[in-house]
file entry-v1.cif (mmCIF, C-alpha atoms)
data_start
#
loop_
_atom_site.group_PDB
_atom_site.id
_atom_site.type_symbol
_atom_site.label_atom_id
_atom_site.label_comp_id
_atom_site.auth_asym_id
_atom_site.auth_seq_id
_atom_site.Cartn_x
_atom_site.Cartn_y
_atom_site.Cartn_z
ATOM 1 C CA MET A 1 97.771 -28.785 -1.355
ATOM 2 C CA SER A 2 100.232 -25.891 -1.605
ATOM 3 C CA ALA A 3 102.567 -24.781 1.158
ATOM 4 C CA THR A 4 100.290 -21.787 1.685
ATOM 5 C CA GLY A 5 97.308 -24.112 2.131
ATOM 6 C CA HIS A 6 99.181 -26.146 4.726
ATOM 7 C CA ARG A 7 99.885 -23.133 6.928
ATOM 8 C CA PRO A 8 96.400 -22.786 8.506
ATOM 9 C CA LEU A 9 96.383 -26.520 9.265
ATOM 10 C CA ARG A 10 99.841 -26.406 10.840
ATOM 11 C CA ARG A 11 98.834 -23.348 12.841
ATOM 12 C CA ALA A 12 95.669 -25.065 14.074
ATOM 13 C CA HIS A 13 97.698 -28.114 15.135
ATOM 14 C CA ALA A 14 100.179 -25.864 16.940
ATOM 15 C CA LEU A 15 97.362 -24.079 18.784
ATOM 16 C CA LEU A 16 95.774 -27.399 19.721
ATOM 17 C CA TRP A 17 99.062 -28.744 21.064
ATOM 18 C CA HIS A 18 99.571 -25.503 23.003
ATOM 19 C CA GLN A 19 96.120 -25.888 24.577
ATOM 20 C CA ILE A 20 96.779 -29.508 25.588
ATOM 21 C CA ARG A 21 100.099 -28.455 27.128
ATOM 22 C CA TYR A 22 98.398 -25.598 28.979
ATOM 23 C CA GLU A 23 95.753 -27.929 30.427
ATOM 24 C CA GLN A 24 98.416 -30.388 31.561
ATOM 25 C CA LEU A 25 100.564 -27.708 33.183
ATOM 26 C CA SER A 26 97.622 -26.091 34.968
ATOM 27 C CA PHE A 27 96.497 -29.519 36.224
ATOM 28 C CA TRP A 28 99.868 -30.583 37.612
ATOM 29 C CA ARG A 29 100.346 -27.223 39.316
ATOM 30 C CA ASN A 30 97.323 -28.035 41.483
ATOM 31 C CA PRO A 31 98.496 -30.816 43.859
ATOM 32 C CA GLN A 32 95.051 -31.326 45.397
ATOM 33 C CA SER A 33 93.527 -31.993 41.991
ATOM 34 C CA ALA A 34 96.265 -34.480 41.145
ATOM 35 C CA PHE A 35 95.834 -36.186 44.533
ATOM 36 C CA PHE A 36 92.115 -36.804 44.184
ATOM 37 C CA THR A 37 92.435 -37.743 40.512
ATOM 38 C CA PHE A 38 95.158 -40.380 40.931
ATOM 39 C CA VAL A 39 95.856 -41.190 44.578
ATOM 40 C CA PHE A 40 92.301 -41.509 45.836
ATOM 41 C CA PRO A 41 91.202 -44.265 43.379
ATOM 42 C CA VAL A 42 94.467 -46.126 44.007
ATOM 43 C CA VAL A 43 93.863 -45.974 47.775
ATOM 44 C CA VAL A 44 90.314 -47.272 47.277
ATOM 45 C CA ILE A 45 91.545 -50.223 45.207
ATOM 46 C CA ALA A 46 94.308 -50.936 47.746
ATOM 47 C CA VAL A 47 91.708 -51.026 50.536
ATOM 48 C CA PHE A 48 89.436 -53.281 48.466
ATOM 49 C CA GLY A 49 92.469 -55.444 47.679
ATOM 50 C CA ALA A 50 93.158 -55.883 51.392
ATOM 51 C CA MET A 51 89.497 -56.793 51.916
ATOM 52 C CA PHE A 52 88.839 -59.015 48.881
ATOM 53 C CA GLY A 53 92.267 -59.964 47.469
ATOM 54 C CA GLY A 54 92.710 -63.666 46.837
ATOM 55 C CA GLY A 55 88.981 -64.351 46.741
ATOM 56 C CA GLY A 56 87.529 -66.552 44.029
ATOM 57 C CA THR A 57 84.683 -65.881 41.653
ATOM 58 C CA ASP A 58 81.310 -65.096 43.156
ATOM 59 C CA PRO A 59 77.820 -65.099 41.574
ATOM 60 C CA TYR A 60 77.088 -61.906 43.509
ATOM 61 C CA PHE A 61 79.742 -60.196 41.371
ATOM 62 C CA TYR A 62 78.371 -61.723 38.143
ATOM 63 C CA GLY A 63 80.835 -64.587 38.134
ATOM 64 C CA LEU A 64 83.882 -62.372 38.694
ATOM 65 C CA SER A 65 86.082 -62.029 41.734
ATOM 66 C CA ALA A 66 85.114 -59.129 43.975
ATOM 67 C CA LEU A 67 88.360 -57.278 43.288
ATOM 68 C CA GLY A 68 88.132 -57.956 39.550
ATOM 69 C CA TYR A 69 84.701 -56.322 39.615
ATOM 70 C CA TYR A 70 85.910 -53.308 41.567
ATOM 71 C CA VAL A 71 88.963 -52.732 39.387
ATOM 72 C CA ALA A 72 86.600 -52.067 36.470
ATOM 73 C CA THR A 73 83.980 -50.023 38.347
ATOM 74 C CA ILE A 74 86.491 -47.863 40.248
ATOM 75 C CA ALA A 75 88.304 -47.268 36.951
ATOM 76 C CA ALA A 76 84.960 -46.118 35.533
ATOM 77 C CA VAL A 77 84.248 -43.718 38.397
ATOM 78 C CA SER A 78 87.774 -42.288 38.143
ATOM 79 C CA VAL A 79 87.103 -41.471 34.477
ATOM 80 C CA LEU A 80 83.829 -39.849 35.540
ATOM 81 C CA GLY A 81 85.742 -37.705 38.008
ATOM 82 C CA SER A 82 88.262 -36.540 35.411
ATOM 83 C CA CYS A 83 85.940 -36.073 32.455
ATOM 84 C CA TYR A 84 82.659 -35.005 34.017
ATOM 85 C CA SER A 85 82.975 -33.633 37.558
ATOM 86 C CA GLN A 86 86.259 -31.747 37.291
ATOM 87 C CA LEU A 87 85.531 -30.510 33.779
ATOM 88 C CA ALA A 88 82.117 -29.080 34.633
ATOM 89 C CA ILE A 89 83.446 -27.332 37.756
ATOM 90 C CA VAL A 90 86.541 -25.987 35.973
ATOM 91 C CA LEU A 91 84.492 -24.571 33.090
ATOM 92 C CA ALA A 92 81.971 -22.926 35.433
ATOM 93 C CA THR A 93 84.834 -21.383 37.425
ATOM 94 C CA ARG A 94 86.708 -20.198 34.334
ATOM 95 C CA ARG A 95 83.566 -18.646 32.915
ATOM 96 C CA GLN A 96 82.793 -16.749 36.118
ATOM 97 C CA ASN A 97 86.396 -15.552 36.419
ATOM 98 C CA GLY A 98 86.331 -14.265 32.849
ATOM 99 C CA ILE A 99 88.950 -16.721 31.617
ATOM 100 C CA LEU A 100 86.681 -18.207 28.951
ATOM 101 C CA LYS A 101 85.822 -14.742 27.671
ATOM 102 C CA ARG A 102 89.529 -13.968 27.276
ATOM 103 C CA VAL A 103 90.145 -17.328 25.595
ATOM 104 C CA ARG A 104 87.369 -16.578 23.123
ATOM 105 C CA ALA A 105 89.156 -13.343 22.178
ATOM 106 C CA THR A 106 92.378 -15.204 21.249
ATOM 107 C CA PRO A 107 93.139 -16.879 17.882
ATOM 108 C CA LEU A 108 92.421 -20.277 19.464
ATOM 109 C CA PRO A 109 89.380 -21.819 17.682
ATOM 110 C CA ALA A 110 86.550 -23.060 19.892
ATOM 111 C CA TRP A 111 86.947 -26.598 18.514
ATOM 112 C CA ALA A 112 90.644 -26.601 19.468
ATOM 113 C CA TYR A 113 89.835 -25.451 23.000
ATOM 114 C CA PHE A 114 87.363 -28.272 23.596
ATOM 115 C CA LEU A 115 89.446 -30.857 21.744
ATOM 116 C CA GLY A 116 92.363 -29.853 23.965
ATOM 117 C CA LEU A 117 90.189 -30.407 27.031
ATOM 118 C CA LEU A 118 89.118 -33.809 25.686
ATOM 119 C CA ALA A 119 92.711 -34.867 24.982
ATOM 120 C CA HIS A 120 93.720 -33.745 28.478
ATOM 121 C CA CYS A 121 90.872 -35.725 30.060
ATOM 122 C CA VAL A 122 91.709 -38.830 28.013
ATOM 123 C CA MET A 123 95.348 -38.625 29.184
ATOM 124 C CA LEU A 124 94.245 -38.404 32.822
ATOM 125 C CA SER A 125 91.835 -41.300 32.325
ATOM 126 C CA VAL A 126 94.498 -43.525 30.779
ATOM 127 C CA VAL A 127 96.904 -42.875 33.661
ATOM 128 C CA ASP A 128 94.123 -43.495 36.197
ATOM 129 C CA VAL A 129 93.086 -46.796 34.631
ATOM 130 C CA LEU A 130 96.675 -48.020 34.306
ATOM 131 C CA LEU A 131 97.329 -47.252 37.984
ATOM 132 C CA ILE A 132 94.143 -49.008 39.092
ATOM 133 C CA VAL A 133 94.810 -52.066 36.919
ATOM 134 C CA GLY A 134 98.406 -52.154 38.200
ATOM 135 C CA VAL A 135 97.333 -52.095 41.850
ATOM 136 C CA GLY A 136 94.747 -54.771 41.117
ATOM 137 C CA ARG A 137 97.500 -56.924 39.618
ATOM 138 C CA LEU A 138 99.467 -56.662 42.873
ATOM 139 C CA TYR A 139 96.480 -58.275 44.581
ATOM 140 C CA GLY A 140 96.135 -61.047 42.023
ATOM 141 C CA VAL A 141 93.746 -59.627 39.433
ATOM 142 C CA PRO A 142 95.049 -60.846 36.040
ATOM 143 C CA LEU A 143 96.014 -58.284 33.429
ATOM 144 C CA PRO A 144 93.847 -58.161 30.291
ATOM 145 C CA GLY A 145 95.296 -60.034 27.318
ATOM 146 C CA LEU A 146 96.686 -58.139 24.349
ATOM 147 C CA ALA A 147 93.618 -59.061 22.277
ATOM 148 C CA ARG A 148 91.427 -57.066 24.673
ATOM 149 C CA TRP A 149 93.373 -53.802 24.563
ATOM 150 C CA PRO A 150 91.573 -52.503 21.448
ATOM 151 C CA ALA A 151 88.299 -52.837 23.377
ATOM 152 C CA ILE A 152 89.847 -51.098 26.402
ATOM 153 C CA VAL A 153 91.111 -48.199 24.275
ATOM 154 C CA VAL A 154 87.816 -47.755 22.406
ATOM 155 C CA THR A 155 85.805 -47.941 25.635
ATOM 156 C CA LEU A 156 88.036 -45.419 27.404
ATOM 157 C CA VAL A 157 88.074 -42.923 24.542
ATOM 158 C CA LEU A 158 84.330 -43.183 23.906
ATOM 159 C CA GLY A 159 83.539 -43.013 27.625
ATOM 160 C CA ALA A 160 85.830 -40.011 28.108
ATOM 161 C CA ALA A 161 84.290 -38.233 25.108
ATOM 162 C CA CYS A 162 80.757 -38.988 26.323
ATOM 163 C CA PHE A 163 81.335 -37.676 29.833
ATOM 164 C CA CYS A 164 83.311 -34.675 28.607
ATOM 165 C CA ALA A 165 80.338 -33.735 26.416
ATOM 166 C CA LEU A 166 77.997 -34.201 29.379
ATOM 167 C CA GLY A 167 80.351 -32.188 31.589
ATOM 168 C CA VAL A 168 80.315 -29.275 29.135
ATOM 169 C CA ALA A 169 76.528 -29.573 28.838
ATOM 170 C CA VAL A 170 76.076 -29.437 32.621
ATOM 171 C CA ALA A 171 78.559 -26.549 32.863
ATOM 172 C CA SER A 172 76.405 -24.647 30.373
ATOM 173 C CA LEU A 173 73.449 -24.931 32.770
ATOM 174 C CA ILE A 174 75.329 -23.870 35.934
ATOM 175 C CA ARG A 175 74.766 -20.213 36.799
ATOM 176 C CA ASN A 176 77.865 -19.607 38.961
ATOM 177 C CA ALA A 177 80.993 -21.325 40.219
ATOM 178 C CA GLU A 178 79.722 -21.619 43.800
ATOM 179 C CA ALA A 179 76.816 -23.795 42.645
ATOM 180 C CA ALA A 180 78.955 -26.011 40.412
ATOM 181 C CA PRO A 181 80.061 -28.706 42.933
ATOM 182 C CA ALA A 182 76.525 -29.114 44.282
ATOM 183 C CA VAL A 183 74.963 -29.371 40.821
ATOM 184 C CA VAL A 184 77.607 -31.804 39.589
ATOM 185 C CA GLN A 185 77.324 -34.107 42.598
ATOM 186 C CA LEU A 186 73.519 -33.937 42.628
ATOM 187 C CA VAL A 187 73.568 -35.454 39.149
ATOM 188 C CA LEU A 188 76.480 -37.859 39.673
ATOM 189 C CA PHE A 189 75.955 -39.467 43.079
ATOM 190 C CA PRO A 190 72.548 -41.101 42.448
ATOM 191 C CA LEU A 191 73.747 -42.400 39.066
ATOM 192 C CA VAL A 192 76.895 -43.912 40.561
ATOM 193 C CA PHE A 193 75.014 -45.771 43.263
ATOM 194 C CA ILE A 194 72.149 -47.132 41.149
ATOM 195 C CA SER A 195 74.657 -48.186 38.480
ATOM 196 C CA GLY A 196 76.399 -50.738 40.703
ATOM 197 C CA THR A 197 79.704 -48.924 41.065
ATOM 198 C CA TYR A 198 80.181 -49.757 44.741
ATOM 199 C CA LEU A 199 77.783 -52.690 45.100
ATOM 200 C CA PRO A 200 76.327 -54.891 42.349
ATOM 201 C CA ILE A 201 72.629 -54.221 41.803
ATOM 202 C CA HIS A 202 70.497 -57.321 41.293
ATOM 203 C CA SER A 203 67.140 -55.591 40.967
ATOM 204 C CA GLY A 204 65.839 -56.011 37.436
ATOM 205 C CA THR A 205 63.789 -52.818 37.603
ATOM 206 C CA VAL A 206 66.670 -50.669 38.838
ATOM 207 C CA ASN A 207 69.012 -52.168 36.244
ATOM 208 C CA GLN A 208 66.552 -51.453 33.432
ATOM 209 C CA VAL A 209 66.454 -47.801 34.455
ATOM 210 C CA ALA A 210 70.244 -47.606 34.931
ATOM 211 C CA ASP A 211 70.890 -49.298 31.578
ATOM 212 C CA ALA A 212 69.275 -46.334 29.830
ATOM 213 C CA LEU A 213 71.543 -43.871 31.671
ATOM 214 C CA PRO A 214 75.252 -43.400 30.907
ATOM 215 C CA VAL A 215 77.062 -44.629 34.060
ATOM 216 C CA ARG A 216 75.977 -48.277 34.196
ATOM 217 C CA PRO A 217 76.686 -48.841 30.463
ATOM 218 C CA PHE A 218 80.189 -47.449 31.041
ATOM 219 C CA ASN A 219 80.621 -49.825 33.991
ATOM 220 C CA GLU A 220 79.431 -52.708 31.845
ATOM 221 C CA ALA A 221 81.694 -51.740 28.946
ATOM 222 C CA LEU A 222 84.768 -51.588 31.195
ATOM 223 C CA LEU A 223 83.792 -54.838 32.928
ATOM 224 C CA GLY A 224 83.607 -56.485 29.510
ATOM 225 C CA ALA A 225 86.948 -55.048 28.430
ATOM 226 C CA LEU A 226 88.914 -55.461 31.661
ATOM 227 C CA ALA A 227 87.376 -58.327 33.623
ATOM 228 C CA GLN A 228 85.691 -60.805 31.290
ATOM 229 C CA HIS A 229 87.903 -63.632 30.056
ATOM 230 C CA SER A 230 86.126 -64.523 26.815
ATOM 231 C CA GLY A 231 85.126 -62.680 23.682
ATOM 232 C CA SER A 232 86.633 -59.575 22.136
ATOM 233 C CA GLY A 233 85.874 -57.345 25.114
ATOM 234 C CA PHE A 234 83.536 -55.061 23.154
ATOM 235 C CA VAL A 235 80.136 -54.582 24.817
ATOM 236 C CA TRP A 236 78.412 -53.069 21.824
ATOM 237 C CA ARG A 237 75.080 -52.234 23.417
ATOM 238 C CA SER A 238 76.770 -50.323 26.242
ATOM 239 C CA LEU A 239 79.036 -48.508 23.787
ATOM 240 C CA GLY A 240 75.963 -47.563 21.763
ATOM 241 C CA VAL A 241 74.292 -46.043 24.834
ATOM 242 C CA LEU A 242 77.458 -44.035 25.557
ATOM 243 C CA LEU A 243 77.494 -42.811 21.966
ATOM 244 C CA VAL A 244 73.874 -41.629 22.202
ATOM 245 C CA TRP A 245 74.454 -39.837 25.510
ATOM 246 C CA GLY A 246 77.655 -38.265 24.204
ATOM 247 C CA ALA A 247 75.833 -36.977 21.123
ATOM 248 C CA ALA A 248 72.991 -35.606 23.286
ATOM 249 C CA GLY A 249 75.488 -33.891 25.580
ATOM 250 C CA ALA A 250 77.289 -32.389 22.595
ATOM 251 C CA VAL A 251 74.024 -30.989 21.197
ATOM 252 C CA VAL A 252 73.152 -29.350 24.529
ATOM 253 C CA ALA A 253 76.703 -28.030 24.894
ATOM 254 C CA VAL A 254 76.720 -26.492 21.395
ATOM 255 C CA ARG A 255 73.334 -24.854 21.847
ATOM 256 C CA ARG A 256 73.663 -23.689 25.456
ATOM 257 C CA PHE A 257 77.347 -23.102 26.194
ATOM 258 C CA ARG A 258 78.283 -19.480 26.905
ATOM 259 C CA TRP A 259 81.773 -18.009 27.077
ATOM 260 C CA ASP A 260 80.757 -14.843 28.960
ATOM 261 C CA PRO A 261 79.914 -14.775 32.675
ATOM 262 C CA ARG A 262 76.199 -14.821 33.350
ATOM 263 C CA PRO A 263 74.733 -11.673 34.887
ATOM 264 C CA GLU A 264 73.660 -12.144 38.489
#

call {"tool": "encode", "arguments": {"input": "entry-v1.cif", "output": "structure tokens"}}
result
Amino acid sequence: MSATGHRPLRRAHALLWHQIRYEQLSFWRNPQSAFFTFVFPVVVIAVFGAMFGGGGTDPYFYGLSALGYYVATIAAVSVLGSCYSQLAIVLATRRQNGILKRVRATPLPAWAYFLGLLAHCVMLSVVDVLLIVGVGRLYGVPLPGLARWPAIVVTLVLGAACFCALGVAVASLIRNAEAAPAVVQLVLFPLVFISGTYLPIHSGTVNQVADALPVRPFNEALLGALAQHSGSGFVWRSLGVLLVWGAAGAVVAVRRFRWDPRPE
């Protein structure tokens, strides 16, 4: 490829990097957002560590220690917060404030805007998970072996991409910024609870329903990658469910997403 042919690619990469940097700067300039993204899950794990630290394995927690179970599920819900809840609310707010309309009028391609958002969410998720795993280690939860880190990385990236796609899809259905938190939580809260995030669910019927939805498969995938002590750490069925939900969310987002504020 000639030097002239390389220029559009270099320009696209520069715009993408600029968008990632913008998302990072805007995030860190909002202390409340940073607090609830990073500090809140760490506090939850510290409290659970004080309650369950030092405990042995328990059949109630599927043969894991209680804290080992919660390290994985709280890591999962922290990724949900970064990639689904915050993203959907931010997009609804930016659309209503006219920010998305102005972005659309810039040279930044739509794919670079959303890829920048995805990269930003993945970065937040990685930091969140590392903090949670680190606090768990202080309370005696063993660190995953090096052989399991490929599974952890794949699970995190696929989970982040899936919930980012679902966050954009939900944002496309929200009519105004004021309704965004209620709509987001209406969808998220029931899924979190029936998926065993805070308490293991031992009802076969409930688990069958939750297995077809995206949150429990993400819990299971992170439990396999972070907490199980045998195998490669890949929970292929759960990863497949995440892939299907991510693809469905992407289809809805592409077809329904609007850059302009909706008329009241």

call {"tool": "resolve_selection", "arguments": {"input": "entry-v1.cif", "expression": "the PyMOL selection byres ((chain A and resi 226-228) around 8)", "output": "VMD selection string"}}
result
chain A and resid 64 68 to 69 72 143 to 144 148 152 222 to 225 229 to 231 233

call {"tool": "resolve_selection", "arguments": {"input": "entry-v1.cif", "expression": "the PyMOL selection byres ((chain A and resi 159) around 10)", "output": "PDB file with C-alpha atoms, in the coordinates of the input"}}
result
ATOM      1  CA  ALA A  76      84.960 -46.118  35.533  1.00  0.00           C
ATOM      2  CA  VAL A  79      87.103 -41.471  34.477  1.00  0.00           C
ATOM      3  CA  LEU A  80      83.829 -39.849  35.540  1.00  0.00           C
ATOM      4  CA  CYS A  83      85.940 -36.073  32.455  1.00  0.00           C
ATOM      5  CA  VAL A 122      91.709 -38.830  28.013  1.00  0.00           C
ATOM      6  CA  SER A 125      91.835 -41.300  32.325  1.00  0.00           C
ATOM      7  CA  VAL A 153      91.111 -48.199  24.275  1.00  0.00           C
ATOM      8  CA  VAL A 154      87.816 -47.755  22.406  1.00  0.00           C
ATOM      9  CA  THR A 155      85.805 -47.941  25.635  1.00  0.00           C
ATOM     10  CA  LEU A 156      88.036 -45.419  27.404  1.00  0.00           C
ATOM     11  CA  VAL A 157      88.074 -42.923  24.542  1.00  0.00           C
ATOM     12  CA  LEU A 158      84.330 -43.183  23.906  1.00  0.00           C
ATOM     13  CA  ALA A 160      85.830 -40.011  28.108  1.00  0.00           C
ATOM     14  CA  ALA A 161      84.290 -38.233  25.108  1.00  0.00           C
ATOM     15  CA  CYS A 162      80.757 -38.988  26.323  1.00  0.00           C
ATOM     16  CA  PHE A 163      81.335 -37.676  29.833  1.00  0.00           C
ATOM     17  CA  CYS A 164      83.311 -34.675  28.607  1.00  0.00           C
ATOM     18  CA  ALA A 165      80.338 -33.735  26.416  1.00  0.00           C
ATOM     19  CA  PRO A 214      75.252 -43.400  30.907  1.00  0.00           C
ATOM     20  CA  VAL A 215      77.062 -44.629  34.060  1.00  0.00           C
ATOM     21  CA  PRO A 217      76.686 -48.841  30.463  1.00  0.00           C
ATOM     22  CA  PHE A 218      80.189 -47.449  31.041  1.00  0.00           C
ATOM     23  CA  ASN A 219      80.621 -49.825  33.991  1.00  0.00           C
ATOM     24  CA  ALA A 221      81.694 -51.740  28.946  1.00  0.00           C
ATOM     25  CA  LEU A 222      84.768 -51.588  31.195  1.00  0.00           C
ATOM     26  CA  LEU A 239      79.036 -48.508  23.787  1.00  0.00           C
ATOM     27  CA  LEU A 242      77.458 -44.035  25.557  1.00  0.00           C
ATOM     28  CA  LEU A 243      77.494 -42.811  21.966  1.00  0.00           C
ATOM     29  CA  TRP A 245      74.454 -39.837  25.510  1.00  0.00           C
ATOM     30  CA  GLY A 246      77.655 -38.265  24.204  1.00  0.00           C
TER      31      GLY A 246
END

call {"tool": "resolve_selection", "arguments": {"input": "entry-v1.cif", "expression": "the PyMOL selection byres ((chain A and resi 27-38) around 12)", "output": "ChimeraX atom specification"}}
result
/A:20-26,39-45,74-75,77-83,85-87,89-90,117,120-121,123-132,135

call {"tool": "axis_aligned_box", "arguments": {"input": "entry-v1.cif", "around": "stretch 210-214 of chain A", "padding_each_side": "5 Å", "output": "lines of an AutoDock Vina configuration file"}}
result
center_x = 72.3
center_y = -46.3
center_z = 32.4
size_x = 16.0
size_y = 15.9
size_z = 15.1

call {"tool": "residues_around", "arguments": {"input": "entry-v1.cif", "residues": "A:Val170", "least_positions_apart": "3", "cutoff": "10 Å", "atoms": "only C-alpha atoms", "output": "ChimeraX atom specification"}}
result
/A:84-85,87-89,91-92,164-167,173-174,180,183-184,187,249,252-253,256-257

call {"tool": "atom_distance", "arguments": {"input": "entry-v1.cif", "atom1": "atom CA of A:Leu115", "atom2": "atom CA of A:Ala171"}}
result
16.1 Å

call {"tool": "atom_distance", "arguments": {"input": "entry-v1.cif", "atom1": "atom CA of A:Ala182", "atom2": "atom CA of A:Trp259"}}
result
21.1 Å

call {"tool": "closest_residue", "arguments": {"input": "entry-v1.cif", "among": "A:Ala50, A:Pro59, A:Phe234, A:Thr93", "to": "A:Ala177", "atoms": "all atoms listed in the file"}}
result
A:Thr93

call {"tool": "residues_around", "arguments": {"input": "entry-v1.cif", "residues": "stretch 11-13 of chain A", "least_positions_apart": "5", "cutoff": "8 Å", "atoms": "all atoms listed in the file", "output": "list in words"}}
result
Leu108, Pro109 and Ala112 of chain A

call {"tool": "atom_distance", "arguments": {"input": "entry-v1.cif", "atom1": "atom CA of A:Gly55", "atom2": "atom CA of A:Val235"}}
result
25.6 Å

call {"tool": "closest_residue", "arguments": {"input": "entry-v1.cif", "among": "A:Arg94, A:Arg175, A:Arg137, A:Arg102", "to": "A:Leu67", "atoms": "all atoms listed in the file"}}
result
A:Arg137

call {"tool": "closest_residue", "arguments": {"input": "entry-v1.cif", "among": "A:Trp111, A:Thr106, A:Val209, A:Arg216", "to": "A:Leu188", "atoms": "only C-alpha atoms"}}
result
A:Arg216

call {"tool": "closest_residue", "arguments": {"input": "entry-v1.cif", "among": "A:Leu100, A:Val241, A:Arg255, A:Asp211", "to": "A:Tyr113", "atoms": "only C-alpha atoms"}}
result
A:Leu100

call {"tool": "closest_residue", "arguments": {"input": "entry-v1.cif", "among": "A:Phe114, A:Ala14, A:Phe61, A:Gly56", "to": "A:Ile201", "atoms": "only C-alpha atoms"}}
result
A:Phe61
